[in-house]
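The data block below is start_12.pdb; it holds PDB, C-alpha atoms (C1' of nucleotides).
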```
ATOM      1  CA  MET M   1     -32.629  -3.351  -9.592
ATOM      2  CA  ARG M   2     -32.662   0.076 -11.068
ATOM      3  CA  ARG M   3     -29.517   2.074 -10.897
ATOM      4  CA  ALA M   4     -29.167   5.777 -11.475
ATOM      5  CA  GLY M   5     -25.777   5.282 -13.046
ATOM      6  CA  LYS M   6     -23.500   2.514 -14.111
ATOM      7  CA  GLN M   7     -21.381   0.580 -11.684
ATOM      8  CA  LEU M   8     -17.650   0.925 -12.132
ATOM      9  CA  PRO M   9     -16.016  -2.230 -13.549
ATOM     10  CA  ARG M  10     -13.233  -4.140 -11.815
ATOM     11  CA  LYS M  11     -10.823  -2.753 -14.372
ATOM     12  CA  PHE M  12     -11.370   0.732 -13.073
ATOM     13  CA  TYR M  13      -9.624  -0.162  -9.819
ATOM     14  CA  ASP M  14      -6.901  -2.210 -11.434
ATOM     15  CA  ARG M  15      -4.802   0.795 -12.411
ATOM     16  CA  PRO M  16      -2.186   3.068 -10.852
ATOM     17  CA  THR M  17      -3.617   4.373  -7.587
ATOM     18  CA  LEU M  18      -3.179   8.042  -8.423
ATOM     19  CA  ASP M  19      -5.184   7.593 -11.630
ATOM     20  CA  VAL M  20      -7.933   5.844  -9.729
ATOM     21  CA  ALA M  21      -7.956   8.552  -7.069
ATOM     22  CA  ARG M  22      -8.285  11.279  -9.668
ATOM     23  CA  ASP M  23     -11.028   9.491 -11.590
ATOM     24  CA  LEU M  24     -12.920   8.726  -8.401
ATOM     25  CA  LEU M  25     -13.705  12.403  -7.945
ATOM     26  CA  GLY M  26     -17.241  13.070  -9.113
ATOM     27  CA  LYS M  27     -18.189   9.399  -8.921
ATOM     28  CA  VAL M  28     -20.991   8.365  -6.604
ATOM     29  CA  LEU M  29     -20.556   6.137  -3.579
ATOM     30  CA  VAL M  30     -23.704   4.145  -2.822
ATOM     31  CA  HIS M  31     -24.489   2.105   0.262
ATOM     32  CA  ARG M  32     -27.593  -0.002   0.644
ATOM     33  CA  ARG M  33     -28.491  -1.199   4.070
ATOM     34  CA  ARG M  34     -31.777  -2.813   5.019
ATOM     35  CA  GLY M  35     -33.487  -1.151   2.098
ATOM     36  CA  ALA M  36     -32.276   2.325   3.009
ATOM     37  CA  VAL M  37     -30.073   3.859   0.368
ATOM     38  CA  THR M  38     -27.533   6.551   1.013
ATOM     39  CA  SER M  39     -25.235   8.002  -1.611
ATOM     40  CA  GLY M  40     -22.968  10.924  -2.276
ATOM     41  CA  ALA M  41     -20.597  12.269  -4.883
ATOM     42  CA  ILE M  42     -16.956  11.858  -3.968
ATOM     43  CA  VAL M  43     -15.307  15.232  -3.603
ATOM     44  CA  GLU M  44     -12.148  14.543  -1.643
ATOM     45  CA  VAL M  45      -9.776  11.579  -1.647
ATOM     46  CA  GLU M  46      -6.296  10.639  -0.560
ATOM     47  CA  ALA M  47      -3.982   8.011  -1.983
ATOM     48  CA  TYR M  48      -1.934   5.621   0.130
ATOM     49  CA  ILE M  49       0.447   3.542  -1.864
ATOM     50  CA  GLY M  50       2.651   0.664  -0.879
ATOM     51  CA  GLU M  51       4.928  -0.268   1.979
ATOM     52  CA  SER M  52       7.293   2.549   1.076
ATOM     53  CA  ASP M  53       4.680   5.091   2.057
ATOM     54  CA  PRO M  54       5.178   5.696   5.792
ATOM     55  CA  ALA M  55       1.613   6.926   6.195
ATOM     56  CA  CYS M  56       0.108   3.881   4.533
ATOM     57  CA  HIS M  57      -1.180   1.116   6.738
ATOM     58  CA  ALA M  58       0.877  -1.334   4.744
ATOM     59  CA  ALA M  59       4.113   0.401   5.833
ATOM     60  CA  PRO M  60       4.935  -1.942   8.748
ATOM     61  CA  GLY M  61       4.238  -4.927   6.553
ATOM     62  CA  ARG M  62       1.297  -7.209   6.315
ATOM     63  CA  THR M  63      -0.933  -7.410   9.364
ATOM     64  CA  ARG M  64      -4.300  -8.823  10.059
ATOM     65  CA  ARG M  65      -5.985  -5.486   9.787
ATOM     66  CA  ASN M  66      -4.439  -4.227   6.579
ATOM     67  CA  GLU M  67      -4.670  -7.564   4.853
ATOM     68  CA  PRO M  68      -7.449  -6.376   2.523
ATOM     69  CA  LEU M  69      -4.972  -3.862   1.079
ATOM     70  CA  TYR M  70      -3.024  -6.750  -0.382
ATOM     71  CA  GLY M  71      -6.101  -8.325  -1.854
ATOM     72  CA  PRO M  72      -7.565  -7.843  -5.317
ATOM     73  CA  PRO M  73      -8.702  -4.376  -6.437
ATOM     74  CA  GLY M  74     -12.273  -3.179  -6.219
ATOM     75  CA  HIS M  75     -12.818  -4.085  -2.576
ATOM     76  CA  ALA M  76     -13.623  -1.914   0.406
ATOM     77  CA  TYR M  77     -11.139  -1.590   3.239
ATOM     78  CA  VAL M  78     -12.801  -0.254   6.350
ATOM     79  CA  TYR M  79     -10.907   0.101   9.550
ATOM     80  CA  LEU M  80     -11.397   1.493  13.002
ATOM     81  CA  ASN M  81      -9.257   4.462  13.840
ATOM     82  CA  TYR M  82      -8.748   5.947  17.297
ATOM     83  CA  GLY M  83     -11.173   3.331  18.501
ATOM     84  CA  ILE M  84     -14.004   5.576  17.440
ATOM     85  CA  HIS M  85     -14.141   6.245  13.742
ATOM     86  CA  CYS M  86     -14.444   4.000  10.745
ATOM     87  CA  LEU M  87     -12.532   5.109   7.682
ATOM     88  CA  VAL M  88     -13.402   3.769   4.272
ATOM     89  CA  ASN M  89     -10.864   3.012   1.559
ATOM     90  CA  VAL M  90     -11.055   1.628  -1.930
ATOM     91  CA  VAL M  91      -8.421  -1.011  -2.620
ATOM     92  CA  THR M  92      -6.544  -0.505  -5.870
ATOM     93  CA  GLU M  93      -3.871  -2.209  -7.956
ATOM     94  CA  ALA M  94      -3.072  -5.862  -8.281
ATOM     95  CA  HIS M  95      -3.024  -8.609  -5.698
ATOM     96  CA  ASP M  96       0.009  -8.334  -3.392
ATOM     97  CA  SER M  97       0.384  -4.668  -4.237
ATOM     98  CA  PRO M  98      -0.938  -2.839  -1.188
ATOM     99  CA  ALA M  99      -2.523   0.459  -2.153
ATOM    100  CA  ALA M 100      -5.785   2.221  -1.510
ATOM    101  CA  VAL M 101      -7.682   5.455  -1.848
ATOM    102  CA  LEU M 102      -9.134   6.972   1.283
ATOM    103  CA  ILE M 103     -12.462   8.696   0.801
ATOM    104  CA  ARG M 104     -12.478  11.860   2.863
ATOM    105  CA  ALA M 105     -15.584  13.745   1.825
ATOM    106  CA  LEU M 106     -18.826  13.367  -0.102
ATOM    107  CA  ASP M 107     -21.502  15.617  -1.452
ATOM    108  CA  PRO M 108     -24.737  14.034  -0.177
ATOM    109  CA  LEU M 109     -27.214  12.945  -2.864
ATOM    110  CA  ASN M 110     -29.693  10.291  -1.725
ATOM    111  CA  GLY M 111     -30.848   9.437   1.760
ATOM    112  CA  VAL M 112     -30.063  12.811   3.268
ATOM    113  CA  ALA M 113     -32.757  12.365   5.894
ATOM    114  CA  THR M 114     -31.262   9.026   6.905
ATOM    115  CA  MET M 115     -27.820  10.561   7.178
ATOM    116  CA  LYS M 116     -29.096  13.395   9.314
ATOM    117  CA  ARG M 117     -30.776  10.943  11.628
ATOM    118  CA  ARG M 118     -27.537   8.996  12.015
ATOM    119  CA  ARG M 119     -25.524  12.116  12.665
ATOM    120  CA  GLY M 120     -27.994  13.745  15.009
ATOM    121  CA  ARG M 121     -29.964  16.743  13.932
ATOM    122  CA  THR M 122     -27.392  19.359  14.790
ATOM    123  CA  VAL M 123     -25.676  18.956  11.460
ATOM    124  CA  LYS M 124     -26.257  20.871   8.267
ATOM    125  CA  THR M 125     -26.558  19.073   4.958
ATOM    126  CA  GLU M 126     -23.267  20.450   3.695
ATOM    127  CA  GLY M 127     -21.410  19.192   6.738
ATOM    128  CA  LEU M 128     -22.991  15.746   6.709
ATOM    129  CA  CYS M 129     -20.218  13.952   4.879
ATOM    130  CA  ARG M 130     -17.282  16.193   5.455
ATOM    131  CA  GLY M 131     -14.490  14.328   7.188
ATOM    132  CA  PRO M 132     -13.686  10.642   6.847
ATOM    133  CA  GLY M 133     -15.137   9.682  10.200
ATOM    134  CA  ASN M 134     -18.294  11.676   9.642
ATOM    135  CA  LEU M 135     -19.061  10.311   6.230
ATOM    136  CA  THR M 136     -18.909   6.714   7.370
ATOM    137  CA  MET M 137     -21.243   7.527  10.184
ATOM    138  CA  ALA M 138     -23.666   9.227   7.812
ATOM    139  CA  MET M 139     -23.476   6.397   5.285
ATOM    140  CA  GLY M 140     -23.831   3.773   7.992
ATOM    141  CA  ILE M 141     -20.536   2.147   7.064
ATOM    142  CA  THR M 142     -18.929   0.119   9.832
ATOM    143  CA  LEU M 143     -16.450  -2.708  10.248
ATOM    144  CA  ALA M 144     -19.167  -5.008   9.000
ATOM    145  CA  GLU M 145     -18.592  -3.498   5.571
ATOM    146  CA  ASN M 146     -14.891  -4.304   5.614
ATOM    147  CA  ARG M 147     -13.716  -6.367   2.639
ATOM    148  CA  LEU M 148     -16.942  -5.980   0.760
ATOM    149  CA  ASP M 149     -16.678  -6.356  -2.985
ATOM    150  CA  LEU M 150     -17.479  -3.047  -4.638
ATOM    151  CA  LEU M 151     -18.963  -4.965  -7.532
ATOM    152  CA  GLY M 152     -21.585  -6.380  -5.205
ATOM    153  CA  ASP M 153     -25.020  -4.978  -4.500
ATOM    154  CA  ARG M 154     -24.476  -3.576  -1.054
ATOM    155  CA  LEU M 155     -21.676  -1.097  -1.340
ATOM    156  CA  PHE M 156     -20.473   0.172  -4.682
ATOM    157  CA  ILE M 157     -19.441   3.160  -6.738
ATOM    158  CA  GLU M 158     -21.159   4.283  -9.891
ATOM    159  CA  ASP M 159     -20.708   6.806 -12.636
ATOM    160  CA  ARG M 160     -23.637   9.161 -13.032
ATOM    161  CA  GLY M 161     -21.847  11.267 -15.561
ATOM    162  CA  LEU M 162     -21.130  14.035 -13.079
ATOM    163  CA  LYS M 163     -18.250  16.236 -14.040
ATOM    164  CA  PRO M 164     -15.903  17.086 -11.243
ATOM    165  CA  GLY M 165     -15.072  20.753 -10.957
ATOM    166  CA  ARG M 166     -11.560  21.966 -10.753
ATOM    167  CA  ILE M 167      -9.313  19.296  -9.284
ATOM    168  CA  VAL M 168      -6.852  20.463  -6.682
ATOM    169  CA  TRP M 169      -3.905  18.625  -5.187
ATOM    170  CA  GLY M 170      -2.701  19.354  -1.709
ATOM    171  CA  PRO M 171      -0.862  17.804   1.210
ATOM    172  CA  ARG M 172      -2.510  14.862   2.844
ATOM    173  CA  ILE M 173      -4.308  15.580   6.039
ATOM    174  CA  GLY M 174      -3.995  14.297   9.547
ATOM    175  CA  ILE M 175      -0.787  12.339   9.252
ATOM    176  CA  SER M 176       2.585  13.054  10.749
ATOM    177  CA  SER M 177       4.813  11.552   8.109
ATOM    178  CA  GLY M 178       4.906  10.994   4.400
ATOM    179  CA  ARG M 179       3.491  14.360   3.495
ATOM    180  CA  GLU M 180       5.690  14.694   0.471
ATOM    181  CA  HIS M 181       3.143  12.964  -1.742
ATOM    182  CA  PRO M 182       0.086  15.081  -2.391
TER
ATOM    183  C1'  DA P   1       2.081  -8.447  29.723
ATOM    184  C1'  DG P   2       2.386  -3.561  29.373
ATOM    185  C1'  DC P   3       2.828   0.763  26.716
ATOM    186  C1'  DA P   4       2.728   4.334  23.149
ATOM    187  C1'  DA P   5       0.799   6.067  18.895
ATOM    188  C1'  DG P   6      -2.436   6.526  15.131
ATOM    189  C1'  DA P   7      -5.411   8.236   7.900
ATOM    190  C1'  DT P   8     -10.384  11.798  13.881
ATOM    191  C1'  DT P   9     -13.937  14.454  15.964
ATOM    192  C1'  DA P  10     -16.395  17.217  19.395
ATOM    193  C1'  DG P  11     -16.286  20.341  23.049
ATOM    194  C1'  DC P  12     -14.329  23.956  26.236
TER
ATOM    195  C1'  DC O   1      -5.927  22.124  23.204
ATOM    196  C1'  DT O   2      -7.731  17.712  25.162
ATOM    197  C1'  DA O   3     -10.395  13.598  25.910
ATOM    198  C1'  DA O   4     -12.598   9.401  24.116
ATOM    199  C1'  DT O   5     -11.479   4.574  22.738
ATOM    200  C1'  DC O   6      -9.464   0.172  20.016
ATOM    201  C1'  DT O   7      -6.045  -2.203  17.307
ATOM    202  C1'  DT O   8      -1.318  -2.921  16.306
ATOM    203  C1'  DG O   9       3.636  -3.383  17.043
ATOM    204  C1'  DC O  10       7.492  -3.074  20.086
ATOM    205  C1'  DT O  11       9.907  -4.001  24.444
ATOM    206  C1'  DA O  12      10.756  -6.697  28.830
TER
END
```
As structure tokens:
Amino acid sequence: MRRAGKQLPRKFYDRPTLDVARDLLGKVLVHRRRGAVTSGAIVEVEAYIGESDPACHAAPGRTRRNEPLYGPPGHAYVYLNYGIHCLVNVVTEAHDSPAAVLIRALDPLNGVATMKRRRGRTVKTEGLCRGPGNLTMAMGITLAENRLDLLGDRLFIEDRGLKPGRIVWGPRIGISSGREHP
DNA sequence: AGCAAGATTAGC
DNA sequence: CTAATCTTGCTA
């Protein structure tokens, strides 16, 4: 199969979560489903690290849902939030070390028409993948993609040599506690 | 068994 | 600002 860029190696994810989060910016998330390919450059992420982070899903300890967080790095952790939206995370760090990077926004590259169809036609291209719930809808990512290996052929992240612009840190969005870590 | 809250979004 | 809607964790 021809790839526009090179797939990130397992090693990439097996590092401190903040480093992974920073390096993820500008990388390209690709999802292949039934032959349709959608992809977008990652432009906004959030890091959730460990049981000491009150906003992290691993905070209350290990549960059935957050179990992928404890697994090996380089896997997808997709979960249903508010019963409506699927949020996609990239699991980082070693086995038994729960940490992940939440992907909040993409810059659409391939499959824009497909994304628009999935979102309904009222959406502009720029708004297609803005917001964690919206981007999963546009990419067609659901609970079925939970625990997928990012080194597989279906869902993965590649480096197309894009240079991220200025990187900005800010408070994490949409949570009520644990805002002290940008 | 029942209840409240959550990494959200769309609509008034 | 509020509803929609599901999983989880706590309390009785």
Could you give me, as a PyMOL selection string, the residues within 7 Å of stretch 46-59 of chain M, counting all atoms listed in the file and dropping anything in the same chain fewer than 6 positions from it? chain M and resi 17-18+21+66+97-103+172+175+177-178
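Here atom CA of M:Lys6 is placed at a distance of 6.7 Å from atom CA of M:Arg160.
Set the cut-off at 8 Å, count all atoms listed in the file, and the residues of chain P near chain M turn out to be DG6, DA7, DT8 and DT9 of chain P.
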Matched chain/residue IDs from the PyMOL selection byres ((chain M and resi 162) around 7), as a list in words: Gly26, Lys27, Arg160, Gly161, Lys163 and Pro164 of chain M
Length of the atom CA of M:Val30 to atom C1' of O:DC6 vector [Å]: 27.2 Å
Check: which chain O residues lie within 12 Å of chain M using all atoms listed in the file, as a short mmCIF file (atom, residue, chain, number, x, y, z; two decimals) with C-alpha atoms (C1' of nucleotides), in the coordinates of the input:
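Below is the file that was written, out.cif:
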```
data_model
loop_
_atom_site.label_atom_id
_atom_site.label_comp_id
_atom_site.auth_asym_id
_atom_site.auth_seq_id
_atom_site.Cartn_x
_atom_site.Cartn_y
_atom_site.Cartn_z
"C1'" DA O 3 -10.40 13.60 25.91
"C1'" DA O 4 -12.60 9.40 24.12
"C1'" DT O 5 -11.48 4.57 22.74
"C1'" DC O 6 -9.46 0.17 20.02
"C1'" DT O 7 -6.04 -2.20 17.31
"C1'" DT O 8 -1.32 -2.92 16.31
"C1'" DG O 9 3.64 -3.38 17.04
"C1'" DC O 10 7.49 -3.07 20.09
#
```
Excluding M:Ala113 and its own-chain neighbours fewer than 3 positions away, which residues fall within 10 Å of it when counting all atoms listed in the file? Please give them as a count of residues only. 9
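Distance-wise, atom CA of M:Phe156 and atom CA of M:Lys11 end up 14.0 Å apart.
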Take the PyMOL selection byres ((chain M and resi 40) around 7), run it mentally on this structure, and tell me the resulting residues as a count of residues only. 11
Exercise: O:DT2 partners within 12 Å, all atoms listed in the file, chain neighbours under 6 positions left out, as a PyMOL selection string: chain P and resi 9-12
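Applied to this file, the PyMOL selection byres ((chain P and resi 3) around 10) selects the residues DA1, DG2, DA4 and DA5 of chain P; DC10 and DT11 of chain O.
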Would you mind completing stretch 59-70 of chain M to all heavy atoms and writing the output as a PDB file, keeping the file's coordinate frame?
```pdb
ATOM      1  N   ALA M  59       2.719   0.070   5.561  1.00  0.00           N
ATOM      2  CA  ALA M  59       4.113   0.401   5.833  1.00  0.00           C
ATOM      3  C   ALA M  59       4.824  -0.604   6.743  1.00  0.00           C
ATOM      4  O   ALA M  59       5.933  -1.026   6.438  1.00  0.00           O
ATOM      5  CB  ALA M  59       4.215   1.818   6.391  1.00  0.00           C
ATOM      6  N   PRO M  60       4.239  -1.000   7.870  1.00  0.00           N
ATOM      7  CA  PRO M  60       4.935  -1.942   8.748  1.00  0.00           C
ATOM      8  C   PRO M  60       4.884  -3.375   8.230  1.00  0.00           C
ATOM      9  O   PRO M  60       5.318  -4.285   8.924  1.00  0.00           O
ATOM     10  CB  PRO M  60       4.195  -1.813  10.078  1.00  0.00           C
ATOM     11  CG  PRO M  60       2.930  -1.074   9.805  1.00  0.00           C
ATOM     12  CD  PRO M  60       2.960  -0.570   8.426  1.00  0.00           C
ATOM     13  N   GLY M  61       4.365  -3.571   7.069  1.00  0.00           N
ATOM     14  CA  GLY M  61       4.238  -4.927   6.553  1.00  0.00           C
ATOM     15  C   GLY M  61       2.815  -5.421   6.708  1.00  0.00           C
ATOM     16  O   GLY M  61       1.951  -4.706   7.190  1.00  0.00           O
ATOM     17  N   ARG M  62       2.631  -6.644   6.325  1.00  0.00           N
ATOM     18  CA  ARG M  62       1.297  -7.209   6.315  1.00  0.00           C
ATOM     19  C   ARG M  62       0.810  -7.518   7.733  1.00  0.00           C
ATOM     20  O   ARG M  62       1.505  -8.131   8.510  1.00  0.00           O
ATOM     21  CB  ARG M  62       1.360  -8.491   5.506  1.00  0.00           C
ATOM     22  CG  ARG M  62       0.049  -9.009   5.056  1.00  0.00           C
ATOM     23  CD  ARG M  62       0.320 -10.189   4.134  1.00  0.00           C
ATOM     24  NE  ARG M  62      -0.855 -10.572   3.418  1.00  0.00           N
ATOM     25  CZ  ARG M  62      -0.851 -10.978   2.146  1.00  0.00           C
ATOM     26  NH1 ARG M  62       0.285 -11.029   1.495  1.00  0.00           N
ATOM     27  NH2 ARG M  62      -1.955 -11.318   1.561  1.00  0.00           N
ATOM     28  N   THR M  63      -0.352  -7.085   8.075  1.00  0.00           N
ATOM     29  CA  THR M  63      -0.933  -7.410   9.364  1.00  0.00           C
ATOM     30  C   THR M  63      -2.356  -7.896   9.131  1.00  0.00           C
ATOM     31  O   THR M  63      -2.859  -7.863   8.012  1.00  0.00           O
ATOM     32  CB  THR M  63      -1.000  -6.189  10.301  1.00  0.00           C
ATOM     33  OG1 THR M  63      -1.946  -5.265   9.775  1.00  0.00           O
ATOM     34  CG2 THR M  63       0.346  -5.521  10.449  1.00  0.00           C
ATOM     35  N   ARG M  64      -2.949  -8.303  10.195  1.00  0.00           N
ATOM     36  CA  ARG M  64      -4.300  -8.823  10.059  1.00  0.00           C
ATOM     37  C   ARG M  64      -5.264  -7.741   9.587  1.00  0.00           C
ATOM     38  O   ARG M  64      -6.145  -7.976   8.785  1.00  0.00           O
ATOM     39  CB  ARG M  64      -4.739  -9.337  11.419  1.00  0.00           C
ATOM     40  CG  ARG M  64      -6.010 -10.080  11.322  1.00  0.00           C
ATOM     41  CD  ARG M  64      -6.213 -10.847  12.592  1.00  0.00           C
ATOM     42  NE  ARG M  64      -7.572 -11.255  12.713  1.00  0.00           N
ATOM     43  CZ  ARG M  64      -8.117 -11.554  13.868  1.00  0.00           C
ATOM     44  NH1 ARG M  64      -7.396 -11.449  14.959  1.00  0.00           N
ATOM     45  NH2 ARG M  64      -9.344 -11.951  13.927  1.00  0.00           N
ATOM     46  N   ARG M  65      -5.050  -6.553  10.112  1.00  0.00           N
ATOM     47  CA  ARG M  65      -5.985  -5.486   9.787  1.00  0.00           C
ATOM     48  C   ARG M  65      -5.843  -5.000   8.350  1.00  0.00           C
ATOM     49  O   ARG M  65      -6.829  -4.774   7.663  1.00  0.00           O
ATOM     50  CB  ARG M  65      -5.781  -4.315  10.744  1.00  0.00           C
ATOM     51  CG  ARG M  65      -6.825  -3.242  10.542  1.00  0.00           C
ATOM     52  CD  ARG M  65      -6.766  -2.181  11.610  1.00  0.00           C
ATOM     53  NE  ARG M  65      -5.499  -1.494  11.630  1.00  0.00           N
ATOM     54  CZ  ARG M  65      -5.286  -0.363  12.269  1.00  0.00           C
ATOM     55  NH1 ARG M  65      -6.264   0.186  12.929  1.00  0.00           N
ATOM     56  NH2 ARG M  65      -4.113   0.203  12.269  1.00  0.00           N
ATOM     57  N   ASN M  66      -4.600  -4.800   7.907  1.00  0.00           N
ATOM     58  CA  ASN M  66      -4.439  -4.227   6.579  1.00  0.00           C
ATOM     59  C   ASN M  66      -4.428  -5.273   5.476  1.00  0.00           C
ATOM     60  O   ASN M  66      -4.177  -4.964   4.322  1.00  0.00           O
ATOM     61  CB  ASN M  66      -3.159  -3.381   6.512  1.00  0.00           C
ATOM     62  CG  ASN M  66      -1.893  -4.216   6.635  1.00  0.00           C
ATOM     63  OD1 ASN M  66      -1.878  -5.401   6.314  1.00  0.00           O
ATOM     64  ND2 ASN M  66      -0.840  -3.600   7.084  1.00  0.00           N
ATOM     65  N   GLU M  67      -4.696  -6.482   5.827  1.00  0.00           N
ATOM     66  CA  GLU M  67      -4.670  -7.564   4.853  1.00  0.00           C
ATOM     67  C   GLU M  67      -5.519  -7.308   3.604  1.00  0.00           C
ATOM     68  O   GLU M  67      -5.101  -7.653   2.507  1.00  0.00           O
ATOM     69  CB  GLU M  67      -5.101  -8.854   5.546  1.00  0.00           C
ATOM     70  CG  GLU M  67      -4.655 -10.107   4.842  1.00  0.00           C
ATOM     71  CD  GLU M  67      -5.859 -10.825   4.260  1.00  0.00           C
ATOM     72  OE1 GLU M  67      -6.884 -10.880   4.943  1.00  0.00           O
ATOM     73  OE2 GLU M  67      -5.759 -11.295   3.130  1.00  0.00           O
ATOM     74  N   PRO M  68      -6.664  -6.672   3.728  1.00  0.00           N
ATOM     75  CA  PRO M  68      -7.449  -6.376   2.523  1.00  0.00           C
ATOM     76  C   PRO M  68      -6.693  -5.519   1.511  1.00  0.00           C
ATOM     77  O   PRO M  68      -6.957  -5.594   0.317  1.00  0.00           O
ATOM     78  CB  PRO M  68      -8.667  -5.617   3.073  1.00  0.00           C
ATOM     79  CG  PRO M  68      -8.811  -6.076   4.487  1.00  0.00           C
ATOM     80  CD  PRO M  68      -7.417  -6.345   4.956  1.00  0.00           C
ATOM     81  N   LEU M  69      -5.738  -4.720   1.989  1.00  0.00           N
ATOM     82  CA  LEU M  69      -4.972  -3.862   1.079  1.00  0.00           C
ATOM     83  C   LEU M  69      -4.198  -4.697   0.069  1.00  0.00           C
ATOM     84  O   LEU M  69      -3.926  -4.260  -1.046  1.00  0.00           O
ATOM     85  CB  LEU M  69      -3.983  -2.992   1.867  1.00  0.00           C
ATOM     86  CG  LEU M  69      -4.573  -1.875   2.715  1.00  0.00           C
ATOM     87  CD1 LEU M  69      -3.475  -1.189   3.492  1.00  0.00           C
ATOM     88  CD2 LEU M  69      -5.300  -0.881   1.844  1.00  0.00           C
ATOM     89  N   TYR M  70      -3.819  -5.885   0.483  1.00  0.00           N
ATOM     90  CA  TYR M  70      -3.024  -6.750  -0.382  1.00  0.00           C
ATOM     91  C   TYR M  70      -3.909  -7.557  -1.325  1.00  0.00           C
ATOM     92  O   TYR M  70      -3.434  -8.213  -2.224  1.00  0.00           O
ATOM     93  CB  TYR M  70      -2.182  -7.722   0.461  1.00  0.00           C
ATOM     94  CG  TYR M  70      -1.099  -7.032   1.246  1.00  0.00           C
ATOM     95  CD1 TYR M  70      -1.377  -6.406   2.449  1.00  0.00           C
ATOM     96  CD2 TYR M  70       0.206  -7.004   0.765  1.00  0.00           C
ATOM     97  CE1 TYR M  70      -0.387  -5.777   3.170  1.00  0.00           C
ATOM     98  CE2 TYR M  70       1.198  -6.378   1.481  1.00  0.00           C
ATOM     99  CZ  TYR M  70       0.906  -5.759   2.684  1.00  0.00           C
ATOM    100  OH  TYR M  70       1.884  -5.130   3.384  1.00  0.00           O
TER     101      TYR M  70
END
```
